>>> print(open('model_7.cif').read())   # mmCIF, C-alpha atoms
data_model
loop_
_atom_site.label_atom_id
_atom_site.label_comp_id
_atom_site.auth_asym_id
_atom_site.auth_seq_id
_atom_site.Cartn_x
_atom_site.Cartn_y
_atom_site.Cartn_z
CA MET N 270 0.00 0.00 0.00
CA ASN N 271 1.19 3.50 -0.79
CA ILE N 272 1.42 5.09 2.67
CA ARG N 273 0.86 8.52 1.19
CA ASN N 274 -2.51 7.52 -0.22
CA VAL N 275 -3.98 6.83 3.22
CA GLU N 276 -5.48 9.42 5.56
CA HIS N 277 -2.81 11.56 7.22
CA GLU N 278 -3.99 12.13 10.79
CA GLY N 279 -1.58 15.05 11.27
CA GLU N 280 -2.90 16.89 8.22
CA GLN N 281 -6.46 16.23 9.33
CA ALA N 282 -5.75 17.59 12.83
CA ILE N 283 -4.29 20.84 11.43
CA GLN N 284 -7.16 21.19 8.95
CA ARG N 285 -9.73 20.82 11.74
CA GLN N 286 -8.04 23.46 13.86
CA ALA N 287 -7.77 25.79 10.85
CA GLY N 288 -11.38 25.16 9.80
CA GLU N 289 -10.19 24.20 6.31
CA GLY N 290 -9.87 21.11 4.14
CA GLY N 291 -11.81 18.04 5.14
CA PRO N 292 -11.82 14.24 4.90
CA GLY N 293 -9.64 13.04 2.06
CA TRP N 294 -8.08 16.47 1.51
CA GLY N 295 -4.28 16.43 1.29
CA SER N 296 -2.05 13.39 0.92
CA PRO N 297 -4.80 10.93 -0.18
CA MET N 298 -5.40 13.10 -3.26
CA PHE N 299 -2.03 12.36 -4.86
CA GLY N 300 -0.72 9.16 -6.38
CA PRO N 301 2.80 7.81 -6.85
CA GLU N 302 3.06 8.17 -10.63
CA ILE N 303 4.92 11.09 -12.18
CA PRO N 304 2.54 12.80 -14.63
CA HIS N 305 3.85 12.90 -18.18
CA GLY N 306 3.71 16.70 -18.17
CA PHE N 307 6.10 16.85 -15.20
CA VAL N 308 8.88 14.93 -16.99
CA PRO N 309 10.34 17.83 -19.02
CA PHE N 310 10.04 20.15 -16.02
CA ILE N 311 12.10 17.77 -13.88
CA ARG N 312 14.68 17.38 -16.67
CA ASP N 313 15.00 21.18 -16.93
CA GLN N 314 15.92 21.64 -13.26
CA ARG N 315 19.30 22.95 -12.17
CA MET N 316 18.59 22.49 -8.45
CA LEU N 317 16.55 20.17 -6.22
CA VAL N 318 15.88 20.64 -2.50
CA ILE N 319 15.92 17.39 -0.51
CA ALA N 320 14.44 16.41 2.85
CA GLY N 321 15.64 13.44 4.86
CA ALA N 322 16.96 12.14 8.16
CA ASP N 323 20.54 11.40 9.14
CA ASP N 324 21.63 8.22 10.93
CA GLU N 325 20.75 9.80 14.29
CA GLY N 326 17.22 10.59 13.14
CA GLN N 327 17.75 14.35 12.87
CA ILE N 328 15.80 15.95 10.03
CA TRP N 329 17.65 18.08 7.48
CA SER N 330 16.94 20.09 4.35
CA THR N 331 19.66 20.32 1.72
CA LEU N 332 20.15 20.90 -1.98
CA VAL N 333 21.79 19.26 -4.94
CA ASP N 334 22.44 20.90 -8.29
CA GLY N 335 23.89 20.24 -11.70
CA PRO N 336 23.49 20.91 -15.40
CA THR N 337 20.14 20.58 -17.11
CA GLY N 338 19.28 16.88 -17.18
CA PHE N 339 21.07 15.97 -13.94
CA ALA N 340 17.65 14.79 -12.71
CA GLU N 341 16.10 12.29 -15.09
CA VAL N 342 12.76 10.46 -14.94
CA VAL N 343 13.51 6.88 -16.04
CA ASP N 344 10.05 5.41 -15.51
CA GLU N 345 6.71 6.53 -14.11
CA ARG N 346 7.93 6.25 -10.51
CA THR N 347 11.73 6.57 -10.64
CA VAL N 348 13.92 9.67 -10.72
CA VAL N 349 17.71 9.37 -10.96
CA ILE N 350 19.54 12.38 -9.54
CA ASP N 351 23.14 12.59 -10.74
CA ALA N 352 24.42 14.56 -7.77
CA LEU N 353 25.01 14.34 -4.03
CA PRO N 354 25.00 16.99 -1.28
CA ALA N 355 28.32 18.73 -0.63
CA PRO N 356 30.98 16.99 1.48
CA GLY N 357 30.24 17.59 5.14
CA ASP N 358 26.52 17.98 4.50
CA PRO N 359 24.45 16.02 7.06
CA LEU N 360 22.65 14.12 4.28
CA ARG N 361 25.63 13.31 2.06
CA GLU N 362 26.02 9.82 3.52
CA ALA N 363 22.40 9.32 4.56
CA PHE N 364 21.16 7.30 1.62
CA HIS N 365 23.62 4.40 1.71
CA THR N 366 20.56 2.58 3.03
CA GLU N 367 17.13 3.18 1.53
CA ARG N 368 15.17 5.74 3.50
CA ASP N 369 12.44 8.35 3.21
CA ILE N 370 13.10 11.33 0.97
CA GLY N 371 11.21 14.48 0.04
CA VAL N 372 12.20 16.29 -3.16
CA LEU N 373 11.19 19.82 -4.13
CA ALA N 374 11.76 20.84 -7.74
CA LEU N 375 11.48 24.62 -7.63
CA GLN N 376 12.19 26.82 -10.63
CA PRO N 377 12.53 30.43 -9.46
CA GLN N 378 12.73 31.78 -13.01
CA THR N 379 9.22 30.49 -13.83
CA ARG N 380 7.84 30.37 -10.26
CA ARG N 381 6.78 26.75 -10.76
CA ARG N 382 7.31 23.90 -8.30
CA ILE N 383 6.45 20.26 -7.81
CA ARG N 384 7.00 17.92 -4.88
CA MET N 385 8.00 14.26 -5.05
CA ASN N 386 8.00 12.21 -1.87
CA GLY N 387 9.08 8.58 -1.53
CA VAL N 388 12.20 6.59 -0.74
CA ALA N 389 15.73 6.82 -2.09
CA ARG N 390 19.05 5.04 -1.99
CA ARG N 391 22.54 6.00 -3.09
CA ASP N 392 23.99 4.39 -6.22
CA GLY N 393 27.60 5.52 -6.49
CA ASN N 394 27.47 9.29 -6.78
CA ARG N 395 23.79 9.31 -7.70
CA LEU N 396 20.51 9.13 -5.81
CA VAL N 397 17.77 6.85 -7.08
CA ALA N 398 14.36 7.96 -5.81
CA ARG N 399 11.17 5.89 -5.98
CA THR N 400 8.12 8.13 -5.77
CA GLU N 401 5.10 7.48 -3.57
CA GLN N 402 3.47 10.91 -3.85
CA VAL N 403 3.80 13.51 -6.62
CA LEU N 404 2.01 16.85 -6.76
CA GLY N 405 2.21 20.30 -8.28
CA ASN N 406 1.99 23.44 -6.14
CA CYS N 407 0.84 27.01 -6.73
CA PRO N 408 3.39 29.84 -7.23
CA LYS N 409 2.53 31.71 -4.01
CA TYR N 410 5.40 33.35 -2.12
CA LEU N 411 7.99 32.42 -4.77
CA GLN N 412 10.49 35.15 -5.64
CA THR N 413 11.71 35.38 -9.24
CA ARG N 414 15.38 34.61 -9.82
CA THR N 415 17.49 33.35 -12.71
CA VAL N 416 20.81 31.53 -12.80
CA GLU N 417 23.50 34.11 -13.60
CA GLU N 418 26.50 31.79 -13.68
CA THR N 419 27.82 28.39 -12.57
CA VAL N 420 30.92 28.14 -10.38
CA PRO N 421 31.57 24.41 -9.83
CA GLY N 422 33.85 22.64 -7.40
CA GLY N 423 34.24 25.23 -4.69
CA ALA N 424 32.48 23.85 -1.57
CA GLY N 425 34.24 24.81 1.62
CA PRO N 426 34.42 22.82 4.85
CA ALA N 427 31.30 22.33 6.95
CA VAL N 428 31.28 24.65 9.97
CA THR N 429 29.03 23.33 12.72
CA GLY N 430 27.63 24.67 15.94
CA GLU N 431 24.71 24.58 18.33
CA GLU N 432 23.55 28.16 17.91
CA LEU N 433 23.51 30.96 15.35
CA SER N 434 26.41 33.36 15.03
CA GLU N 435 25.66 37.06 14.65
CA ASP N 436 26.38 36.85 10.90
CA GLN N 437 24.03 33.88 10.57
CA GLN N 438 21.30 35.74 12.46
CA ARG N 439 21.60 38.65 10.01
CA TRP N 440 21.49 36.18 7.11
CA ILE N 441 18.22 34.71 8.35
CA GLU N 442 16.59 38.05 9.12
CA GLY N 443 17.35 39.24 5.58
CA ALA N 444 16.02 36.11 3.87
CA ASP N 445 13.00 36.14 1.57
CA THR N 446 12.91 32.34 1.18
CA PHE N 447 13.85 29.23 3.10
CA PHE N 448 13.21 25.53 2.70
CA ILE N 449 11.74 23.17 5.27
CA ALA N 450 12.06 19.41 5.67
CA SER N 451 9.58 17.39 7.72
CA LEU N 452 9.07 13.67 8.33
CA SER N 453 6.50 11.69 10.26
CA PRO N 454 6.69 7.92 10.81
CA GLY N 455 4.29 6.08 8.57
CA HIS N 456 3.85 9.07 6.26
CA GLY N 457 7.39 9.74 5.07
CA ALA N 458 9.37 12.88 4.32
CA ASP N 459 8.36 16.11 2.63
CA SER N 460 10.32 19.06 1.22
CA SER N 461 8.67 22.45 0.90
CA HIS N 462 9.47 26.16 0.94
CA ARG N 463 8.43 29.26 2.82
CA GLY N 464 8.66 32.74 1.35
CA GLY N 465 7.86 36.35 2.15
CA MET N 466 9.36 39.80 2.26
CA PRO N 467 12.82 40.15 3.85
CA GLY N 468 12.31 40.22 7.60
CA PHE N 469 9.43 37.74 7.63
CA VAL N 470 11.64 35.40 9.67
CA THR N 471 12.49 36.70 13.13
CA VAL N 472 15.52 35.63 15.14
CA ALA N 473 14.27 35.46 18.72
CA GLY N 474 17.66 34.33 20.03
CA PRO N 475 20.76 32.40 18.96
CA ARG N 476 18.80 29.13 19.20
CA THR N 477 15.27 30.22 18.27
CA ILE N 478 13.67 31.60 15.12
CA VAL N 479 10.03 32.43 14.37
CA TRP N 480 8.09 32.80 11.14
CA PRO N 481 4.46 33.39 10.09
CA ASP N 482 2.50 30.70 8.29
CA TYR N 483 0.45 32.22 5.48
CA THR N 484 -2.57 30.89 3.63
CA GLY N 485 -1.74 28.12 1.18
CA ASN N 486 -3.26 25.05 -0.45
CA GLN N 487 -4.83 23.80 2.80
CA PHE N 488 -3.11 20.40 2.42
CA TYR N 489 -0.87 21.09 5.45
CA MET N 490 1.67 18.45 4.52
CA THR N 491 4.46 20.22 6.40
CA LEU N 492 2.45 21.19 9.47
CA GLY N 493 0.71 17.81 9.41
CA ASN N 494 4.06 16.06 9.68
CA MET N 495 5.16 18.47 12.42
CA HIS N 496 1.94 17.81 14.34
CA LEU N 497 2.96 14.15 14.58
CA ASN N 498 6.72 14.74 14.77
CA PRO N 499 7.92 18.27 15.65
CA ALA N 500 11.44 17.52 14.38
CA ALA N 501 12.25 19.45 11.21
CA GLY N 502 15.12 20.85 9.18
CA LEU N 503 15.55 24.28 7.60
CA LEU N 504 17.78 25.43 4.74
CA PHE N 505 18.69 29.06 4.06
CA LEU N 506 20.48 29.70 0.76
CA ASP N 507 22.74 32.63 -0.03
CA TRP N 508 21.54 32.84 -3.62
CA GLU N 509 24.31 35.18 -4.81
CA ASN N 510 27.25 33.20 -3.38
CA GLY N 511 26.00 29.61 -3.12
CA HIS N 512 26.47 29.35 0.66
CA THR N 513 24.09 27.13 2.63
CA LEU N 514 22.93 27.40 6.23
CA GLN N 515 21.21 24.28 7.58
CA LEU N 516 19.35 24.06 10.88
CA THR N 517 17.86 21.05 12.58
CA GLY N 518 15.59 21.18 15.61
CA GLN N 519 11.95 21.18 16.63
CA GLY N 520 9.03 23.38 15.69
CA ARG N 521 5.96 24.46 17.66
CA ILE N 522 2.79 25.75 16.00
CA ASP N 523 1.27 28.74 17.81
CA TRP N 524 -2.36 29.62 17.00
CA ASP N 525 -2.64 32.54 19.45
CA PRO N 526 -4.27 35.50 17.61
CA ALA N 527 -2.39 37.94 19.81
CA ARG N 528 0.81 36.64 18.29
CA THR N 529 -0.30 36.10 14.69
CA GLN N 530 -1.59 39.68 14.40
CA LYS N 531 1.99 40.90 14.56
CA TYR N 532 2.48 39.32 11.11
CA PRO N 533 0.10 40.58 8.36
CA GLY N 534 -1.47 37.64 6.53
CA ALA N 535 -0.42 35.08 9.12
CA LEU N 536 -2.86 32.33 10.12
CA ARG N 537 -0.51 30.98 12.77
CA VAL N 538 3.14 31.29 13.82
CA VAL N 539 5.84 28.62 13.96
CA GLU N 540 8.57 28.82 16.57
CA PHE N 541 11.66 26.73 15.85
CA ASP N 542 14.23 25.67 18.45
CA ILE N 543 17.65 24.90 16.99
CA THR N 544 19.73 21.92 18.09
CA LYS N 545 22.46 22.03 15.42
CA VAL N 546 23.72 24.44 12.75
CA VAL N 547 25.77 23.58 9.65
CA GLN N 548 27.16 26.23 7.30
CA ILE N 549 28.93 25.29 4.05
CA ASP N 550 30.25 28.11 1.90
CA HIS N 551 29.87 27.63 -1.86
CA ALA N 552 27.94 24.39 -1.30
CA SER N 553 25.95 25.21 -4.45
CA SER N 554 27.61 25.87 -7.79
CA LEU N 555 24.75 28.14 -8.90
CA ARG N 556 24.77 31.92 -8.61
CA TRP N 557 21.33 33.49 -8.91
CA GLN N 558 20.20 36.98 -9.87
CA PHE N 559 17.17 38.41 -8.08
CA HIS N 560 14.39 39.96 -10.19
CA ALA N 561 11.17 40.40 -8.19
CA TYR N 562 9.31 39.50 -5.04
CA SER N 563 6.05 37.58 -5.27
CA ARG N 564 3.17 40.02 -5.62
CA VAL N 565 1.22 38.13 -2.93
CA ASN N 566 3.87 38.50 -0.22
CA PRO N 567 2.33 40.23 2.82
CA PRO N 568 4.38 42.89 4.62
CA ALA N 569 6.87 41.28 6.96
CA ARG N 570 5.58 43.08 10.06
CA ALA N 571 2.45 44.94 11.07
CA ASP N 572 4.58 48.09 11.27
CA ASP N 573 5.51 47.66 7.59
CA ARG N 574 1.95 48.12 6.33
CA PRO N 575 1.61 51.11 3.98
#
>>> encode(input="model_7.cif", output="structure tokens")
Amino acid sequence: MNIRNVEHEGEQAIQRQAGEGGPGWGSPMFGPEIPHGFVPFIRDQRMLVIAGADDEGQIWSTLVDGPTGFAEVVDERTVVIDALPAPGDPLREAFHTERDIGVLALQPQTRRRIRMNGVARRDGNRLVARTEQVLGNCPKYLQTRTVEETVPGGAGPAVTGEELSEDQQRWIEGADTFFIASLSPGHGADSSHRGGMPGFVTVAGPRTIVWPDYTGNQFYMTLGNMHLNPAAGLLFLDWENGHTLQLTGQGRIDWDPARTQKYPGALRVVEFDITKVVQIDHASSLRWQFHAYSRVNPPARADDRP
């Protein structure tokens, strides 16, 4: 049985509290086959964002990139990714044994994205993913960027810690996009993104960050997983330089209106406690040029309203 075609009790719990969705809404709506129309989109990708767990069970978000065609659909449920995370990345060695994977194919230049969730194993320097859930997503909160140049082979050493440095705090507070990995037992991993105007993520301390959760597709795949398993992983990308900042920890969903009203457009707030930080300079070979913010991005703070 495809575990992602059965009712997801975490998604249903979040939907009930939000007063949205309903029975059968979310994971049961999507099958394991890759639609024919998705095949050229996947082949066109230069970057994929991956969710998974390391050998200790910590959840991480990371990226892999390559030339057009580095991700290839070889049958209706199999994607071969001819790339691995950078050396020192928490997920580089994770797929020597088959385990859950979430894959986000996000194309900033067209503001299109699809998600593929399933299992994967390492085959030499490639990842072979077997899909169990495939879906397209709307373009909300996606900023427009294009690849300006490729600078391969320059990943620096992984620098680890248990809290954010001052430079890393400034990086996060200036971000307009980050990626989030979640995983719940019995339902697998998922890779998604969060976007907004710079400043939409607040650093509450060297081990705590906070962000608003805006209206979306009402599937609640990320929050549904976090309802069952609060462990999650975040990835912040320095788009201009290819640096990555990965956080693993636990998230808490706060529905208090007194708190959400501080963030225009927020339906709830997520507070994330950090247990480990990994920074790898030049982990990505891609250098992106920014063009425009999503027109649906709310102001980052109530004080920013016109």
>>> closest_residue(input="model_7.cif", among="N:Glu278, N:Asp334, N:Glu289, N:Asp459", to="Gly321 (chain N)", atoms="only C-alpha atoms")
N:Asp459
>>> resolve_selection(input="model_7.cif", expression="the PyMOL selection byres ((chain N and resi 287) around 10)", output="list in words")
Gln281, Ala282, Ile283, Gln284, Arg285, Gln286, Gly288, Glu289, Gly290, Gln487, Tyr489, Trp524, Leu536 and Arg537 of chain N
>>> write_last_selection(input="model_7.cif", atoms="C-alpha atoms", output="PDB file, in the frame of the given file")
ATOM      1  CA  GLN N 281      -6.460  16.230   9.330  1.00  0.00           C
ATOM      2  CA  ALA N 282      -5.750  17.590  12.830  1.00  0.00           C
ATOM      3  CA  ILE N 283      -4.290  20.840  11.430  1.00  0.00           C
ATOM      4  CA  GLN N 284      -7.160  21.190   8.950  1.00  0.00           C
ATOM      5  CA  ARG N 285      -9.730  20.820  11.740  1.00  0.00           C
ATOM      6  CA  GLN N 286      -8.040  23.460  13.860  1.00  0.00           C
ATOM      7  CA  GLY N 288     -11.380  25.160   9.800  1.00  0.00           C
ATOM      8  CA  GLU N 289     -10.190  24.200   6.310  1.00  0.00           C
ATOM      9  CA  GLY N 290      -9.870  21.110   4.140  1.00  0.00           C
ATOM     10  CA  GLN N 487      -4.830  23.800   2.800  1.00  0.00           C
ATOM     11  CA  TYR N 489      -0.870  21.090   5.450  1.00  0.00           C
ATOM     12  CA  TRP N 524      -2.360  29.620  17.000  1.00  0.00           C
ATOM     13  CA  LEU N 536      -2.860  32.330  10.120  1.00  0.00           C
ATOM     14  CA  ARG N 537      -0.510  30.980  12.770  1.00  0.00           C
TER      15      ARG N 537
END
>>> closest_residue(input="model_7.cif", among="N:Ser553, N:Glu367, N:Pro526, N:Val416", to="Leu332 (chain N)", atoms="all atoms listed in the file")
N:Ser553
>>> resolve_selection(input="model_7.cif", expression="the PyMOL selection byres ((chain N and resi 471) around 12)", output="JSON, numbers by chain")
{"N": [438, 439, 440, 441, 442, 443, 444, 445, 465, 466, 467, 468, 469, 470, 472, 473, 474, 475, 476, 477, 478, 479, 480, 481, 531, 532, 538, 539, 540, 541, 569, 570]}
>>> atom_distance(input="model_7.cif", atom1="CA of Thr379 (chain N)", atom2="CA of Ala501 (chain N)")
27.5 Å
>>> atom_distance(input="model_7.cif", atom1="CA of Pro499 (chain N)", atom2="CA of Gly518 (chain N)")
8.2 Å
>>> resolve_selection(input="model_7.cif", expression="the PyMOL selection byres ((chain N and resi 313-320) around 10)", output="ChimeraX atom specification")
/N:308-312,321-322,328-341,350,352,354,360,369-376,384-386,416,448-452,457-462,501-504,553-555
>>> write_last_selection(input="model_7.cif", atoms="C-alpha atoms", output="PDB file, in the coordinates of the input")
ATOM      1  CA  VAL N 308       8.880  14.930 -16.990  1.00  0.00           C
ATOM      2  CA  PRO N 309      10.340  17.830 -19.020  1.00  0.00           C
ATOM      3  CA  PHE N 310      10.040  20.150 -16.020  1.00  0.00           C
ATOM      4  CA  ILE N 311      12.100  17.770 -13.880  1.00  0.00           C
ATOM      5  CA  ARG N 312      14.680  17.380 -16.670  1.00  0.00           C
ATOM      6  CA  GLY N 321      15.640  13.440   4.860  1.00  0.00           C
ATOM      7  CA  ALA N 322      16.960  12.140   8.160  1.00  0.00           C
ATOM      8  CA  ILE N 328      15.800  15.950  10.030  1.00  0.00           C
ATOM      9  CA  TRP N 329      17.650  18.080   7.480  1.00  0.00           C
ATOM     10  CA  SER N 330      16.940  20.090   4.350  1.00  0.00           C
ATOM     11  CA  THR N 331      19.660  20.320   1.720  1.00  0.00           C
ATOM     12  CA  LEU N 332      20.150  20.900  -1.980  1.00  0.00           C
ATOM     13  CA  VAL N 333      21.790  19.260  -4.940  1.00  0.00           C
ATOM     14  CA  ASP N 334      22.440  20.900  -8.290  1.00  0.00           C
ATOM     15  CA  GLY N 335      23.890  20.240 -11.700  1.00  0.00           C
ATOM     16  CA  PRO N 336      23.490  20.910 -15.400  1.00  0.00           C
ATOM     17  CA  THR N 337      20.140  20.580 -17.110  1.00  0.00           C
ATOM     18  CA  GLY N 338      19.280  16.880 -17.180  1.00  0.00           C
ATOM     19  CA  PHE N 339      21.070  15.970 -13.940  1.00  0.00           C
ATOM     20  CA  ALA N 340      17.650  14.790 -12.710  1.00  0.00           C
ATOM     21  CA  GLU N 341      16.100  12.290 -15.090  1.00  0.00           C
ATOM     22  CA  ILE N 350      19.540  12.380  -9.540  1.00  0.00           C
ATOM     23  CA  ALA N 352      24.420  14.560  -7.770  1.00  0.00           C
ATOM     24  CA  PRO N 354      25.000  16.990  -1.280  1.00  0.00           C
ATOM     25  CA  LEU N 360      22.650  14.120   4.280  1.00  0.00           C
ATOM     26  CA  ASP N 369      12.440   8.350   3.210  1.00  0.00           C
ATOM     27  CA  ILE N 370      13.100  11.330   0.970  1.00  0.00           C
ATOM     28  CA  GLY N 371      11.210  14.480   0.040  1.00  0.00           C
ATOM     29  CA  VAL N 372      12.200  16.290  -3.160  1.00  0.00           C
ATOM     30  CA  LEU N 373      11.190  19.820  -4.130  1.00  0.00           C
ATOM     31  CA  ALA N 374      11.760  20.840  -7.740  1.00  0.00           C
ATOM     32  CA  LEU N 375      11.480  24.620  -7.630  1.00  0.00           C
ATOM     33  CA  GLN N 376      12.190  26.820 -10.630  1.00  0.00           C
ATOM     34  CA  ARG N 384       7.000  17.920  -4.880  1.00  0.00           C
ATOM     35  CA  MET N 385       8.000  14.260  -5.050  1.00  0.00           C
ATOM     36  CA  ASN N 386       8.000  12.210  -1.870  1.00  0.00           C
ATOM     37  CA  VAL N 416      20.810  31.530 -12.800  1.00  0.00           C
ATOM     38  CA  PHE N 448      13.210  25.530   2.700  1.00  0.00           C
ATOM     39  CA  ILE N 449      11.740  23.170   5.270  1.00  0.00           C
ATOM     40  CA  ALA N 450      12.060  19.410   5.670  1.00  0.00           C
ATOM     41  CA  SER N 451       9.580  17.390   7.720  1.00  0.00           C
ATOM     42  CA  LEU N 452       9.070  13.670   8.330  1.00  0.00           C
ATOM     43  CA  GLY N 457       7.390   9.740   5.070  1.00  0.00           C
ATOM     44  CA  ALA N 458       9.370  12.880   4.320  1.00  0.00           C
ATOM     45  CA  ASP N 459       8.360  16.110   2.630  1.00  0.00           C
ATOM     46  CA  SER N 460      10.320  19.060   1.220  1.00  0.00           C
ATOM     47  CA  SER N 461       8.670  22.450   0.900  1.00  0.00           C
ATOM     48  CA  HIS N 462       9.470  26.160   0.940  1.00  0.00           C
ATOM     49  CA  ALA N 501      12.250  19.450  11.210  1.00  0.00           C
ATOM     50  CA  GLY N 502      15.120  20.850   9.180  1.00  0.00           C
ATOM     51  CA  LEU N 503      15.550  24.280   7.600  1.00  0.00           C
ATOM     52  CA  LEU N 504      17.780  25.430   4.740  1.00  0.00           C
ATOM     53  CA  SER N 553      25.950  25.210  -4.450  1.00  0.00           C
ATOM     54  CA  SER N 554      27.610  25.870  -7.790  1.00  0.00           C
ATOM     55  CA  LEU N 555      24.750  28.140  -8.900  1.00  0.00           C
TER      56      LEU N 555
END
>>> atom_distance(input="model_7.cif", atom1="CA of Gln530 (chain N)", atom2="CA of Phe505 (chain N)")
25.1 Å
>>> residues_around(input="model_7.cif", residues="Thr413 (chain N)", least_positions_apart="6", cutoff="8 Å", atoms="only C-alpha atoms", output="ChimeraX atom specification")
/N:377-380,559-563
>>> residues_around(input="model_7.cif", residues="Glu345 (chain N)", least_positions_apart="6", cutoff="9 Å", atoms="all atoms listed in the file", output="JSON, numbers by chain")
{"N": [301, 302, 303, 304, 305, 400]}
>>> closest_residue(input="model_7.cif", among="N:Leu396, N:Leu492, N:Val342, N:Val428", to="Arg361 (chain N)", atoms="only C-alpha atoms")
N:Leu396
>>> decode(input="model_7.cif", residues="region 550-556 of chain N", atoms="all heavy atoms", output="mmCIF file, in the first residue's frame")
data_model
loop_
_atom_site.group_PDB
_atom_site.id
_atom_site.type_symbol
_atom_site.label_atom_id
_atom_site.label_comp_id
_atom_site.auth_asym_id
_atom_site.auth_seq_id
_atom_site.Cartn_x
_atom_site.Cartn_y
_atom_site.Cartn_z
ATOM 1 N N ASP N 550 30.099 27.074 2.911
ATOM 2 C CA ASP N 550 30.251 28.114 1.903
ATOM 3 C C ASP N 550 30.433 27.485 0.522
ATOM 4 O O ASP N 550 31.129 26.463 0.374
ATOM 5 C CB ASP N 550 31.448 28.997 2.232
ATOM 6 C CG ASP N 550 31.189 29.915 3.423
ATOM 7 O OD1 ASP N 550 30.030 29.968 3.895
ATOM 8 O OD2 ASP N 550 32.149 30.564 3.897
ATOM 9 N N HIS N 551 29.800 28.082 -0.467
ATOM 10 C CA HIS N 551 29.872 27.626 -1.859
ATOM 11 C C HIS N 551 29.415 26.177 -2.021
ATOM 12 O O HIS N 551 29.904 25.459 -2.899
ATOM 13 C CB HIS N 551 31.286 27.791 -2.418
ATOM 14 C CG HIS N 551 31.854 29.174 -2.247
ATOM 15 N ND1 HIS N 551 31.241 30.295 -2.768
ATOM 16 C CD2 HIS N 551 32.965 29.608 -1.587
ATOM 17 C CE1 HIS N 551 31.956 31.363 -2.444
ATOM 18 N NE2 HIS N 551 32.992 30.981 -1.723
ATOM 19 N N ALA N 552 28.467 25.756 -1.184
ATOM 20 C CA ALA N 552 27.942 24.387 -1.304
ATOM 21 C C ALA N 552 27.226 24.191 -2.632
ATOM 22 O O ALA N 552 27.182 23.091 -3.173
ATOM 23 C CB ALA N 552 26.993 24.089 -0.144
ATOM 24 N N SER N 553 26.617 25.263 -3.155
ATOM 25 C CA SER N 553 25.945 25.215 -4.453
ATOM 26 C C SER N 553 26.834 25.868 -5.506
ATOM 27 O O SER N 553 27.483 26.885 -5.246
ATOM 28 C CB SER N 553 24.601 25.937 -4.395
ATOM 29 O OG SER N 553 24.024 26.030 -5.687
ATOM 30 N N SER N 554 26.830 25.292 -6.690
ATOM 31 C CA SER N 554 27.606 25.866 -7.790
ATOM 32 C C SER N 554 26.860 26.977 -8.511
ATOM 33 O O SER N 554 27.433 27.675 -9.353
ATOM 34 C CB SER N 554 27.948 24.767 -8.800
ATOM 35 O OG SER N 554 26.778 24.279 -9.439
ATOM 36 N N LEU N 555 25.581 27.173 -8.185
ATOM 37 C CA LEU N 555 24.752 28.135 -8.905
ATOM 38 C C LEU N 555 24.805 29.514 -8.248
ATOM 39 O O LEU N 555 24.793 29.631 -7.021
ATOM 40 C CB LEU N 555 23.302 27.661 -8.956
ATOM 41 C CG LEU N 555 23.071 26.268 -9.553
ATOM 42 C CD1 LEU N 555 21.587 25.922 -9.524
ATOM 43 C CD2 LEU N 555 23.615 26.187 -10.976
ATOM 44 N N ARG N 556 24.841 30.544 -9.075
ATOM 45 C CA ARG N 556 24.769 31.924 -8.613
ATOM 46 C C ARG N 556 23.535 32.551 -9.263
ATOM 47 O O ARG N 556 23.424 32.604 -10.482
ATOM 48 C CB ARG N 556 26.026 32.703 -8.997
ATOM 49 C CG ARG N 556 27.317 32.041 -8.522
ATOM 50 C CD ARG N 556 27.443 32.044 -6.998
ATOM 51 N NE ARG N 556 28.710 31.445 -6.574
ATOM 52 C CZ ARG N 556 28.866 30.174 -6.232
ATOM 53 N NH1 ARG N 556 27.822 29.349 -6.277
ATOM 54 N NH2 ARG N 556 30.041 29.705 -5.859
#
